[in-house]
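Asks: File upload09.txt below, compact mmCIF, C-alpha atoms and all ligand atoms:
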```txt
# COMPACT_ATOMS: atom_id res chain seq x y z
CA MET X 1 150.27 11.58 138.11
CA ILE X 2 148.66 9.86 135.11
CA GLU X 3 144.94 9.66 136.04
CA ASP X 4 143.99 7.26 133.26
CA LEU X 5 144.30 3.86 134.91
CA ALA X 6 143.13 2.02 131.80
CA PHE X 7 146.01 3.57 129.87
CA LEU X 8 148.50 2.50 132.54
CA GLU X 9 147.10 -1.03 132.66
CA GLU X 10 147.27 -1.34 128.89
CA ARG X 11 150.90 -0.34 128.92
CA ALA X 12 151.58 -2.59 131.94
CA ALA X 13 150.08 -5.60 130.15
CA GLY X 14 152.74 -5.29 127.47
CA ALA X 15 155.48 -4.95 130.06
CA GLY X 16 154.78 -7.95 132.30
CA LEU X 17 153.19 -5.72 134.95
CA ALA X 18 149.46 -6.43 134.42
CA GLY X 19 147.39 -5.54 137.49
CA ILE X 20 150.20 -3.66 139.23
CA PRO X 21 149.00 -0.11 138.34
CA THR X 22 145.60 -0.96 139.85
CA LYS X 23 147.21 -2.23 143.05
CA VAL X 24 149.40 0.85 143.22
CA ARG X 25 146.42 3.16 142.69
CA ASN X 26 144.46 1.38 145.44
CA GLY X 27 147.38 1.26 147.86
CA GLU X 28 147.37 -2.55 147.84
CA ARG X 29 150.48 -4.39 148.97
CA LEU X 30 152.58 -5.93 146.18
CA THR X 31 153.46 -9.63 146.37
CA PRO X 32 156.99 -11.04 145.95
CA GLU X 33 155.93 -12.14 142.44
CA ASP X 34 155.02 -8.52 141.70
CA GLY X 35 158.40 -7.46 143.07
CA LEU X 36 160.15 -9.82 140.69
CA ALA X 37 158.08 -8.48 137.79
CA LEU X 38 159.20 -4.94 138.73
CA TYR X 39 162.84 -6.02 138.58
CA ARG X 40 162.30 -7.78 135.25
CA THR X 41 160.17 -5.36 133.28
CA PRO X 42 161.89 -3.64 130.36
CA ASP X 43 159.60 -0.62 130.89
CA LEU X 44 161.63 1.51 133.28
CA ALA X 45 159.61 4.61 132.37
CA LEU X 46 156.38 2.95 133.52
CA LEU X 47 158.11 1.82 136.71
CA GLY X 48 159.14 5.43 137.28
CA VAL X 49 155.60 6.69 136.72
CA LEU X 50 154.19 4.19 139.24
CA ALA X 51 156.86 4.92 141.85
CA ASP X 52 156.40 8.65 141.35
CA GLU X 53 152.66 8.30 142.02
CA VAL X 54 153.34 6.67 145.39
CA ARG X 55 156.10 9.13 146.20
CA ARG X 56 153.92 12.17 145.47
CA ARG X 57 151.02 10.71 147.45
CA ARG X 58 153.31 10.55 150.51
CA HIS X 59 155.55 13.57 150.05
CA GLY X 60 153.92 15.86 147.47
CA ASP X 61 156.30 18.06 145.54
CA VAL X 62 159.06 18.37 148.14
CA ALA X 63 162.42 16.62 148.16
CA TYR X 64 164.54 16.44 151.28
CA TYR X 65 168.19 16.86 152.07
CA ASN X 66 170.12 17.50 155.26
CA VAL X 67 173.37 19.19 156.18
CA ASN X 68 175.59 16.50 157.57
CA LEU X 69 179.07 15.19 158.15
CA HIS X 70 180.13 11.60 157.49
CA LEU X 71 182.79 10.45 159.89
CA ASN X 72 184.24 6.97 159.31
CA TYR X 73 186.02 6.72 162.67
CA THR X 74 188.17 3.68 161.82
CA ASN X 75 188.96 1.49 158.84
CA TRP X 76 190.26 -1.32 161.05
CA CYS X 77 188.10 -4.31 160.26
CA ASN X 78 188.22 -8.06 160.74
CA LYS X 79 185.37 -9.00 158.40
CA PHE X 80 187.40 -8.97 155.16
CA CYS X 81 184.35 -8.66 152.93
CA THR X 82 185.27 -9.15 149.28
CA PHE X 83 183.20 -6.14 148.21
CA CYS X 84 184.91 -3.62 150.50
CA ALA X 85 187.88 -1.38 149.61
CA PHE X 86 187.79 0.51 152.90
CA GLN X 87 188.94 -2.13 155.42
CA ARG X 88 192.51 -2.36 156.77
CA ARG X 89 194.34 -4.30 159.47
CA PRO X 90 195.84 -1.89 162.04
CA LYS X 91 199.39 -2.42 160.67
CA ASP X 92 198.41 -1.92 157.00
CA ASP X 93 199.31 1.22 155.08
CA GLY X 94 196.56 3.76 155.38
CA ALA X 95 195.03 2.18 158.49
CA TYR X 96 193.62 4.67 160.99
CA CYS X 97 191.48 4.82 164.08
CA LEU X 98 190.33 8.21 165.32
CA SER X 99 190.74 8.88 169.02
CA PRO X 100 187.84 10.44 170.91
CA GLU X 101 189.84 13.70 170.83
CA GLU X 102 190.06 13.49 167.03
CA VAL X 103 186.33 12.84 166.78
CA HIS X 104 185.82 15.91 168.98
CA ALA X 105 188.08 17.99 166.74
CA ALA X 106 186.37 16.80 163.54
CA LEU X 107 182.99 17.84 164.92
CA ALA X 108 184.29 21.11 166.33
CA GLU X 109 185.80 22.01 162.93
CA ALA X 110 182.75 20.95 160.91
CA PRO X 111 180.62 23.67 159.30
CA ALA X 112 178.44 25.47 161.86
CA GLU X 113 175.26 24.52 160.04
CA ILE X 114 175.51 20.70 160.23
CA THR X 115 172.59 19.06 162.02
CA GLU X 116 173.77 15.43 161.79
CA VAL X 117 176.92 13.36 162.04
CA HIS X 118 176.79 9.93 160.37
CA MET X 119 179.43 7.77 162.09
CA VAL X 120 180.11 4.27 160.79
CA ALA X 121 183.28 2.24 160.52
CA GLY X 122 184.87 -1.19 160.39
CA VAL X 123 184.87 -3.44 163.44
CA TRP X 124 187.93 -4.40 165.45
CA PRO X 125 187.25 -6.51 168.55
CA ALA X 126 190.27 -5.18 170.49
CA LEU X 127 188.67 -1.73 170.68
CA PRO X 128 187.23 -1.51 174.21
CA TYR X 129 183.58 -0.85 174.97
CA ALA X 130 184.54 2.48 176.54
CA TYR X 131 185.92 3.64 173.17
CA TYR X 132 182.45 3.57 171.61
CA LEU X 133 180.92 5.46 174.52
CA ASP X 134 183.79 7.95 174.43
CA ILE X 135 183.46 8.77 170.72
CA LEU X 136 179.72 9.37 171.20
CA ARG X 137 180.41 11.62 174.19
CA ALA X 138 183.14 13.43 172.27
CA ALA X 139 180.78 14.12 169.36
CA LYS X 140 178.10 15.45 171.69
CA ALA X 141 180.57 17.49 173.75
CA ALA X 142 181.78 19.23 170.58
CA ARG X 143 178.32 19.80 169.14
CA PRO X 144 175.51 19.16 171.65
CA ASP X 145 172.79 20.04 169.10
CA VAL X 146 174.00 17.74 166.37
CA HIS X 147 172.07 14.47 165.93
CA VAL X 148 174.38 11.46 166.19
CA LYS X 149 173.37 8.71 163.74
CA ALA X 150 175.92 6.00 164.31
CA PHE X 151 176.80 2.31 164.09
CA THR X 152 175.51 -0.31 161.67
CA MET X 153 174.09 -3.55 163.09
CA VAL X 154 177.53 -5.10 162.50
CA GLU X 155 179.10 -2.55 164.82
CA VAL X 156 176.26 -2.90 167.35
CA ASP X 157 176.82 -6.67 167.38
CA GLN X 158 180.53 -6.16 168.12
CA ILE X 159 179.85 -3.49 170.75
CA VAL X 160 177.44 -5.81 172.59
CA LYS X 161 179.96 -8.67 172.49
CA THR X 162 182.75 -6.41 173.74
CA ALA X 163 180.57 -4.96 176.49
CA GLY X 164 179.62 -8.43 177.72
CA LYS X 165 176.32 -7.00 178.97
CA PRO X 166 172.69 -7.56 177.98
CA LEU X 167 171.68 -5.75 174.79
CA GLY X 168 169.11 -3.58 176.60
CA ASP X 169 171.77 -2.25 179.00
CA VAL X 170 174.16 -1.53 176.16
CA LEU X 171 171.52 0.35 174.17
CA ALA X 172 170.61 2.44 177.21
CA GLU X 173 174.29 3.31 177.77
CA LEU X 174 174.88 4.16 174.10
CA GLN X 175 171.83 6.38 174.16
CA GLU X 176 172.96 8.04 177.36
CA ALA X 177 176.38 8.69 175.78
CA GLY X 178 174.74 10.40 172.79
CA LEU X 179 173.44 7.87 170.25
CA ASP X 180 170.27 9.31 168.68
CA SER X 181 169.51 6.92 165.80
CA LEU X 182 171.19 4.35 163.57
CA PRO X 183 171.95 4.16 159.85
CA GLY X 184 171.09 1.20 157.65
CA GLY X 185 174.39 -0.30 156.55
CA GLY X 186 175.87 -3.73 157.05
CA ALA X 187 172.83 -5.62 155.76
CA GLU X 188 174.44 -6.13 152.32
CA VAL X 189 172.11 -8.64 150.68
CA PHE X 190 170.45 -11.12 153.03
CA SER X 191 171.08 -14.19 150.82
CA GLU X 192 173.03 -16.84 152.77
CA ARG X 193 174.47 -18.06 149.45
CA VAL X 194 175.97 -14.65 148.67
CA ARG X 195 177.15 -14.21 152.27
CA GLN X 196 179.07 -17.50 152.14
CA GLU X 197 180.63 -16.45 148.86
CA LEU X 198 181.55 -12.82 149.63
CA TYR X 199 181.33 -11.97 153.36
CA PRO X 200 181.35 -15.21 155.37
CA LYS X 201 182.78 -13.52 158.48
CA LYS X 202 179.98 -10.99 158.66
CA MET X 203 176.72 -11.65 160.51
CA GLY X 204 173.89 -13.27 158.58
CA ALA X 205 170.42 -11.98 157.86
CA GLU X 206 168.91 -13.50 160.97
CA ARG X 207 171.17 -11.59 163.37
CA TRP X 208 170.92 -8.33 161.40
CA LEU X 209 167.13 -8.50 161.50
CA GLU X 210 167.07 -9.57 165.14
CA LEU X 211 169.22 -6.61 166.19
CA ALA X 212 167.28 -4.12 164.06
CA GLY X 213 164.06 -5.44 165.63
CA GLU X 214 165.50 -5.04 169.15
CA LEU X 215 166.59 -1.49 168.39
CA HIS X 216 163.11 -0.67 167.10
CA ARG X 217 161.54 -2.21 170.20
CA PHE X 218 163.85 -0.04 172.29
CA GLY X 219 162.46 2.96 170.39
CA PHE X 220 165.32 3.79 168.03
CA LYS X 221 164.75 4.87 164.45
CA THR X 222 167.08 3.16 162.01
CA ASN X 223 167.48 3.00 158.25
CA CYS X 224 167.70 -0.02 155.99
CA THR X 225 169.81 -0.73 152.93
CA MET X 226 170.46 -3.30 150.25
CA LEU X 227 173.86 -3.53 148.58
CA TYR X 228 173.06 -4.67 145.04
CA GLY X 229 175.01 -5.38 141.88
CA MET X 230 177.34 -8.11 143.15
CA THR X 231 176.38 -11.73 142.50
CA GLU X 232 172.84 -11.78 143.90
CA THR X 233 169.87 -12.87 141.80
CA LEU X 234 166.73 -10.80 141.34
CA GLU X 235 164.86 -13.36 143.47
CA GLU X 236 167.37 -12.75 146.27
CA ARG X 237 166.81 -9.00 146.03
CA VAL X 238 163.07 -9.53 146.41
CA GLU X 239 163.65 -11.85 149.40
CA HIS X 240 165.77 -9.12 150.99
CA LEU X 241 163.07 -6.49 150.53
CA THR X 242 160.41 -8.90 151.81
CA ALA X 243 162.40 -9.50 155.02
CA LEU X 244 162.74 -5.74 155.58
CA ARG X 245 159.02 -5.20 154.97
CA GLU X 246 158.04 -7.97 157.37
CA LEU X 247 160.29 -6.64 160.12
CA GLN X 248 158.91 -3.14 159.64
CA ASP X 249 155.35 -4.49 160.00
CA ARG X 250 156.30 -6.00 163.37
CA SER X 251 158.19 -2.91 164.49
CA LEU X 252 155.36 -0.53 163.64
CA ALA X 253 152.83 -2.83 165.34
CA ALA X 254 154.86 -2.61 168.57
CA GLU X 255 154.23 1.18 168.64
CA THR X 256 157.45 2.08 170.44
CA GLY X 257 158.29 4.91 168.04
CA GLY X 258 161.09 2.78 166.62
CA GLY X 259 161.27 1.47 163.06
CA PHE X 260 162.86 2.02 159.67
CA GLN X 261 162.68 5.61 158.46
CA THR X 262 164.41 5.30 155.14
CA TYR X 263 165.41 2.70 152.59
CA VAL X 264 168.77 3.35 150.90
CA PRO X 265 169.61 1.11 147.93
CA LEU X 266 173.41 0.99 147.66
CA ALA X 267 174.90 0.41 144.20
CA PHE X 268 178.02 -1.73 144.33
CA HIS X 269 181.27 0.11 143.49
CA PRO X 270 183.78 -2.49 142.23
CA GLU X 271 187.03 -0.48 141.97
CA GLY X 272 189.72 -1.51 144.43
CA THR X 273 187.65 -4.44 145.75
CA GLY X 274 187.98 -8.20 145.33
CA LEU X 275 185.19 -7.93 142.76
CA ALA X 276 186.86 -5.37 140.50
CA HIS X 277 185.97 -7.48 137.46
CA LEU X 278 182.23 -6.84 137.96
CA PRO X 279 180.57 -3.97 136.10
CA MET X 280 179.08 -1.18 138.14
CA PRO X 281 175.26 -1.05 138.10
CA THR X 282 174.23 1.20 135.22
CA ALA X 283 172.07 4.31 135.65
CA PRO X 284 168.87 2.45 134.62
CA GLU X 285 169.64 -0.27 137.20
CA ARG X 286 170.18 2.35 139.89
CA LEU X 287 166.91 4.08 139.01
CA ARG X 288 165.10 0.76 138.97
CA SER X 289 166.40 -0.06 142.46
CA VAL X 290 164.96 3.16 143.79
CA ALA X 291 161.59 2.63 142.08
CA VAL X 292 161.24 -0.98 143.24
CA GLY X 293 162.12 0.07 146.79
CA ARG X 294 159.42 2.73 146.75
CA LEU X 295 156.75 0.40 145.36
CA PHE X 296 157.57 -2.72 147.37
CA LEU X 297 158.46 -1.20 150.76
CA ASP X 298 155.04 0.32 151.31
CA ASN X 299 155.62 0.68 155.07
CA VAL X 300 158.94 2.57 154.93
CA PRO X 301 158.26 6.29 154.57
CA HIS X 302 161.39 7.50 152.79
CA VAL X 303 163.58 6.33 149.93
CA LYS X 304 167.00 7.90 149.71
CA ALA X 305 168.96 8.46 146.50
CA TYR X 306 172.37 8.65 148.14
CA TRP X 307 174.22 10.84 145.63
CA VAL X 308 177.67 9.71 146.76
CA MET X 309 177.01 6.23 145.46
CA MET X 310 174.43 6.94 142.74
CA GLY X 311 176.24 9.83 141.11
CA LEU X 312 174.77 13.32 141.19
CA GLU X 313 172.81 13.20 137.96
CA THR X 314 171.37 9.74 138.54
CA ALA X 315 170.42 10.68 142.11
CA GLN X 316 168.74 13.79 140.77
CA THR X 317 166.80 11.71 138.21
CA ALA X 318 165.89 9.23 140.96
CA LEU X 319 163.70 11.96 142.48
CA ASN X 320 161.34 11.24 139.57
CA HIS X 321 161.59 7.48 140.16
CA GLY X 322 160.35 7.29 143.74
CA ALA X 323 163.12 8.87 145.83
CA ASP X 324 162.22 11.77 148.12
CA ASP X 325 165.62 12.37 149.73
CA LEU X 326 169.17 13.02 148.46
CA ASP X 327 170.93 12.53 151.85
CA GLY X 328 173.10 15.50 152.68
CA THR X 329 176.15 17.61 152.14
CA VAL X 330 178.27 14.61 153.29
CA THR X 331 181.73 15.90 154.11
CA GLN X 332 184.62 13.38 154.35
CA GLU X 333 182.96 10.14 153.17
CA ARG X 334 185.53 7.30 152.80
CA ILE X 335 183.76 3.98 152.09
CA TYR X 336 182.73 4.76 148.49
CA HIS X 337 185.64 7.00 147.71
CA ASP X 338 188.03 4.19 148.60
CA ALA X 339 186.03 2.04 146.15
CA GLY X 340 186.53 4.51 143.33
CA SER X 341 183.60 6.91 143.65
CA ARG X 342 184.34 10.07 141.69
CA ALA X 343 181.49 11.97 143.29
CA PRO X 344 182.72 15.11 145.06
CA GLN X 345 183.63 14.98 148.75
CA ARG X 346 180.89 17.43 149.64
CA LEU X 347 178.06 19.36 148.08
CA ASP X 348 177.07 22.77 149.22
CA ARG X 349 173.50 23.71 149.87
CA GLY X 350 173.13 25.69 146.66
CA ARG X 351 174.06 22.71 144.49
CA LEU X 352 171.65 20.45 146.36
CA HIS X 353 168.87 23.00 145.88
CA ARG X 354 169.65 23.26 142.21
CA LEU X 355 169.64 19.48 141.72
CA ILE X 356 166.27 19.21 143.45
CA ARG X 357 164.66 22.17 141.72
CA GLU X 358 165.82 21.10 138.27
CA ALA X 359 164.11 17.75 138.90
CA GLY X 360 160.86 19.61 139.54
CA PHE X 361 160.71 19.59 143.36
CA VAL X 362 160.90 22.11 146.17
CA PRO X 363 164.02 21.67 148.32
CA VAL X 364 163.33 21.12 152.02
CA GLU X 365 166.13 20.96 154.55
CA ARG X 366 165.21 18.31 157.12
CA ASP X 367 166.71 17.07 160.34
CA THR X 368 167.56 13.38 160.74
CA LEU X 369 163.99 12.60 161.85
CA TYR X 370 162.54 14.33 158.76
CA ARG X 371 161.25 17.36 160.62
CA GLU X 372 161.17 20.26 158.20
CA LEU X 373 163.78 22.88 159.07
CA ARG X 374 163.55 25.14 156.03
CA ARG X 375 161.58 25.12 152.81
CA PHE X 376 163.05 26.94 149.82
CA GLU X 377 160.06 27.83 147.63
CA GLU X 378 162.15 30.40 145.79
CA PRO X 379 165.70 29.87 144.52
CA SER X 380 168.24 30.84 147.16
CA GLU X 381 171.12 33.17 146.27
CA ASP X 382 173.77 30.45 146.45
CA GLU X 383 171.58 28.28 144.20
CA ALA X 384 171.64 30.85 141.43
CA VAL X 385 175.43 30.70 141.22
CA ALA X 386 175.80 26.94 141.75
CA ARG X 387 177.05 25.30 138.59
CA THR X 388 175.06 22.35 137.27
CA PRO X 389 177.19 19.39 138.32
CA VAL X 390 178.54 17.19 135.55
CA LEU X 391 180.41 14.71 137.69
CA GLU X 392 179.96 10.97 137.46
CA VAL X 393 180.25 8.35 140.20
O1 LIG D 401 177.39 -1.37 154.94
C1 LIG D 401 180.77 -1.07 151.32
C2 LIG D 401 178.30 -0.53 151.63
C3 LIG D 401 177.61 0.54 153.50
C4 LIG D 401 180.93 -0.85 149.20
O2 LIG D 401 171.51 4.87 156.59
C5 LIG D 401 179.64 -0.55 149.58
O3 LIG D 401 171.30 6.89 155.85
C6 LIG D 401 179.09 -0.13 147.42
O4 LIG D 401 175.18 2.07 154.89
N1 LIG D 401 180.32 -0.42 146.98
C7 LIG D 401 177.85 1.74 154.39
N2 LIG D 401 178.73 -0.18 148.70
C8 LIG D 401 177.10 2.97 153.89
C9 LIG D 401 175.69 3.02 154.38
C10 LIG D 401 174.90 4.26 154.26
C11 LIG D 401 175.29 5.27 153.38
C12 LIG D 401 174.52 6.41 153.32
C13 LIG D 401 173.41 6.61 154.10
C14 LIG D 401 173.04 5.59 154.97
C15 LIG D 401 171.87 5.79 155.86
C16 LIG D 401 173.77 4.41 155.04
O5 LIG D 401 178.26 0.72 152.28
C17 LIG D 401 178.15 -0.77 153.96
C18 LIG D 401 178.10 -1.58 152.69
O6 LIG D 401 176.82 -2.12 152.51
N3 LIG D 401 179.57 -0.70 150.89
N4 LIG D 401 181.63 -1.18 150.29
C19 LIG D 401 181.28 -0.78 147.81
N5 LIG D 401 182.48 -1.12 147.36
```
If you took the structure in this file and wrote it as structure tokens, what would it be?
Ligand code: V47
Replies:
Amino acid sequence: MIEDLAFLEERAAGAGLAGIPTKVRNGERLTPEDGLALYRTPDLALLGVLADEVRRRRHGDVAYYNVNLHLNYTNWCNKFCTFCAFQRRPKDDGAYCLSPEEVHAALAEAPAEITEVHMVAGVWPALPYAYYLDILRAAKAARPDVHVKAFTMVEVDQIVKTAGKPLGDVLAELQEAGLDSLPGGGAEVFSERVRQELYPKKMGAERWLELAGELHRFGFKTNCTMLYGMTETLEERVEHLTALRELQDRSLAAETGGGFQTYVPLAFHPEGTGLAHLPMPTAPERLRSVAVGRLFLDNVPHVKAYWVMMGLETAQTALNHGADDLDGTVTQERIYHDAGSRAPQRLDRGRLHRLIREAGFVPVERDTLYRELRRFEEPSEDEAVARTPVLEV
């Protein structure tokens, strides 16, 4: 941390960020105007320094990862979002929908050490309510100790419609079948203008926020995301973050134990999508998204640099720009790989340790709820032989 606040303020004044270092030092909430200034400043290094101060205040010198499996149980989807390369109609080439038995087998065959399965997919209204309960039960039957983090708000919305029951009953039944927490996808960017242009069949901000709020009131932990780098403006990004922050204030005030755990900025991958002409967000843009998330979302404890979408080296560098978590070993991810991600399909523990340690942090293996499982103060054996990754997204 740079102690000299006068130095930081002097530099901030020349970068359109006057007053922000003082607010950050005092733990004062940033305004939407401040948020916009963070997106606009040319001084990414200063942004990184400020975000790193907040990150170290909360999490010290540790950086988290977990050992997980991503299971995209179906690519059938009726939302036809322009930004998505994953979706298929059931009769399309490459369409698939895993049966509960296949979900069971995938979990049974997964490495013994996984502690989490992240299950998200497209939505197809003909899938019966029982299917969702059955895949949760299958996952738990195969691996009773594995935390099941499943279903974006878009899937939850479809499940509730299919069930034809009150939301509270559905949540209780999903929980009973094995749902432990929920990821943060499906929010995209909350702008109604962008939704109309790129994903008009998908739920709008109001419904996403309403469902997330209900889940928090029920007591579930969820994550939150923003898909950036399509056609949204910087103002729309700040509006998105403001909506997440306001919901989190309400959720924490309700004291149910529910709320957002982690913010995951998702960089848009254009390849194979209806927006293939757009450039991919550059490394500085990806780092900036992490730093702004850390500084603006003062009530969300964790910021994840999801290496599958950021690229290994940028995710590693993001640990010095406000991120405290790299996500996990992530076997079998499909959504980004279908959109051209050249990140590997999985990382072993040694490589994750090496990425974290090279960035100056101590690797901590966490469970999904950020309870510390193991701290690796000293390099592990597998870390010593792990090659420094040189792969790009
Ligand atoms: O909702 C789809 C996004 C999300 C593309 O909560 C794309 O821990 C970029 O939400 N380029 C799913 N993004 C992934 C997700 C996630 C990932 C990792 C961790 C967590 C968590 C959540 O991926 C979708 C959508 O917003 N997406 N297509 C694309 N071409």
Asks: Compute the set of protein, DNA and RNA residues whose minimum atom distance to ligand LIG 401 (chain D) is at most 6 Å, using only C-alpha atoms and all ligand atoms, and state it as a PDB file with C-alpha atoms, in the frame of the given file.
Replies:
```
ATOM      1  CA  PHE X  83     183.200  -6.140 148.210  1.00  0.00           C
ATOM      2  CA  CYS X  84     184.910  -3.620 150.500  1.00  0.00           C
ATOM      3  CA  ALA X  85     187.880  -1.380 149.610  1.00  0.00           C
ATOM      4  CA  PRO X 183     171.950   4.160 159.850  1.00  0.00           C
ATOM      5  CA  GLY X 184     171.090   1.200 157.650  1.00  0.00           C
ATOM      6  CA  GLY X 185     174.390  -0.300 156.550  1.00  0.00           C
ATOM      7  CA  GLY X 186     175.870  -3.730 157.050  1.00  0.00           C
ATOM      8  CA  GLU X 188     174.440  -6.130 152.320  1.00  0.00           C
ATOM      9  CA  ASN X 223     167.480   3.000 158.250  1.00  0.00           C
ATOM     10  CA  LEU X 227     173.860  -3.530 148.580  1.00  0.00           C
ATOM     11  CA  LEU X 266     173.410   0.990 147.660  1.00  0.00           C
ATOM     12  CA  ALA X 267     174.900   0.410 144.200  1.00  0.00           C
ATOM     13  CA  PHE X 268     178.020  -1.730 144.330  1.00  0.00           C
ATOM     14  CA  HIS X 269     181.270   0.110 143.490  1.00  0.00           C
ATOM     15  CA  PRO X 270     183.780  -2.490 142.230  1.00  0.00           C
ATOM     16  CA  ILE X 335     183.760   3.980 152.090  1.00  0.00           C
ATOM     17  CA  TYR X 336     182.730   4.760 148.490  1.00  0.00           C
ATOM     18  CA  ALA X 339     186.030   2.040 146.150  1.00  0.00           C
TER      19      ALA X 339
END
```
Asks: Please identify all polymer residues within 9 Å of stretch 20-27 of chain X, counting all atoms listed in the file, omitting same-chain residues fewer than 5 positions from it, and present them as a ChimeraX atom specification.
Replies: /X:5-6,8-9,12,34,50-51,53-54,295,298
Asks: Given the choices X:Ala141, X:Leu211, X:Leu355, X:Met119, which gets closest to X:Ala384 if the distance is worked out from all atoms listed in the file?
Replies: X:Leu355
Asks: For X:Asn75, which residue out of X:Pro32, X:Pro281, X:Gly94, X:Gly122 is the nearest one, using all atoms listed in the file?
Replies: X:Gly122
Asks: In the coordinates of the file, take the point (171.7, 14.6, 167.0) and a cut-off of 6 Å; then, counting all atoms listed in the file, name each qualifying protein, DNA or RNA residue as a list in words.
Replies: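 Output of the proximity query reads Glu116, Asp145, Val146, His147, Val148 and Asp180 of chain X.
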Asks: Using 12 Å as the limit and counting only C-alpha atoms, can you tabulate each residue of stretch 297-324 of chain X that touches stretch 368-372 of chain X, with its shortest atom-to-atom distance in Å and the two atoms involved, as JSON lines?
Replies:
```
{"residue": "X:Pro301", "atom": "CA", "partner": "X:Tyr370", "partner_atom": "CA", "distance": 10.0}
{"residue": "X:His302", "atom": "CA", "partner": "X:Tyr370", "partner_atom": "CA", "distance": 9.1}
{"residue": "X:Val303", "atom": "CA", "partner": "X:Tyr370", "partner_atom": "CA", "distance": 12.0}
{"residue": "X:Lys304", "atom": "CA", "partner": "X:Tyr370", "partner_atom": "CA", "distance": 12.0}
{"residue": "X:Asp324", "atom": "CA", "partner": "X:Tyr370", "partner_atom": "CA", "distance": 10.9}
```
Asks: So that I have them on file, write out the residues from the current selection with C-alpha atoms, as an mmCIF file, in the coordinates of the input.
Replies:
```
data_model
loop_
_atom_site.group_PDB
_atom_site.id
_atom_site.type_symbol
_atom_site.label_atom_id
_atom_site.label_comp_id
_atom_site.auth_asym_id
_atom_site.auth_seq_id
_atom_site.Cartn_x
_atom_site.Cartn_y
_atom_site.Cartn_z
ATOM 1 C CA PRO X 301 158.260 6.290 154.570
ATOM 2 C CA HIS X 302 161.390 7.500 152.790
ATOM 3 C CA VAL X 303 163.580 6.330 149.930
ATOM 4 C CA LYS X 304 167.000 7.900 149.710
ATOM 5 C CA ASP X 324 162.220 11.770 148.120
#
```
Asks: Rounded to one decimal, what separation in Å do you get between atom CA of X:His118 and atom CA of X:Gly178?
Replies: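 Here the two named atoms are 12.6 Å from each other.
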Asks: X:Ile135: which residues within 12 Å, counting all atoms listed in the file, same-chain residues fewer than 3 positions away excluded, as JSON, numbers by chain?
Replies: {"X": [71, 72, 73, 74, 97, 98, 99, 100, 101, 102, 103, 104, 105, 106, 107, 117, 119, 120, 127, 128, 129, 130, 131, 132, 138, 139, 140, 141, 142, 148, 150, 151, 174, 177, 178, 179]}
Asks: Around all of stretch 280-284 of chain X's listed atoms, make the axis-aligned box with 5 Å on each side and tell me centre and edge lengths in Å to one decimal, as AutoDock Vina command-line options.
Replies:
```
--center_x 174.0 --center_y 1.6 --center_z 136.4 --size_x 20.2 --size_y 15.5 --size_z 13.5
```
Asks: Measuring atom to atom with all atoms listed in the file, identify which of X:Val67, X:Leu312, X:Leu252, X:Cys224 is nearest to X:Thr115.
Replies: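 Of X:Val67, X:Leu312, X:Leu252, X:Cys224, the one nearest X:Thr115 is X:Val67, counting all atoms listed in the file.
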Asks: Using all atoms listed in the file, determine which residues lie at most 12 Å from X:Gly257, disregarding the query and same-chain residues fewer than 6 positions distant; provide the list as a list of chain:residue names.
Replies: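 So, after excluding close chain neighbours, the residues are X:Ser181, X:Leu215, X:His216, X:Arg217, X:Phe218, X:Gly219, X:Phe220, X:Lys221, X:Thr222, X:Gln248, X:Ser251, X:Leu369.
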Asks: Counting all atoms listed in the file, figure out which residue out of X:Arg357, X:Arg207, X:Lys201, X:Arg11 gets nearest to X:Val156.
Replies: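 Closest to X:Val156 of all the choices is X:Arg207.
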Asks: Hey, what's within 8 Å of X:Gly350 if we count only C-alpha atoms and toss same-chain stuff fewer than 2 positions away? As a ChimeraX atom specification, please?
Replies: /X:348,352-354,380-386
Asks: Choose the residue, out of X:Glu285, X:Glu210, X:Asp169, X:Asp327, that has the smallest atom-to-atom separation from X:Leu347; count only C-alpha atoms.
Replies: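 Between X:Glu285, X:Glu210, X:Asp169, X:Asp327, the residue approaching X:Leu347 most closely is X:Asp327.
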Asks: Please return as a count of residues only every residue within 12 Å of (170.5, 2.5, 133.8), taking into account all atoms listed in the file and the file's own coordinates.
Replies: 23
Asks: X:Thr233, X:Leu182, X:Leu133, X:Pro144: which is nearest X:Val160, counting all atoms listed in the file?
Replies: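 Among the listed residues, the smallest separation from X:Val160 belongs to X:Leu133.
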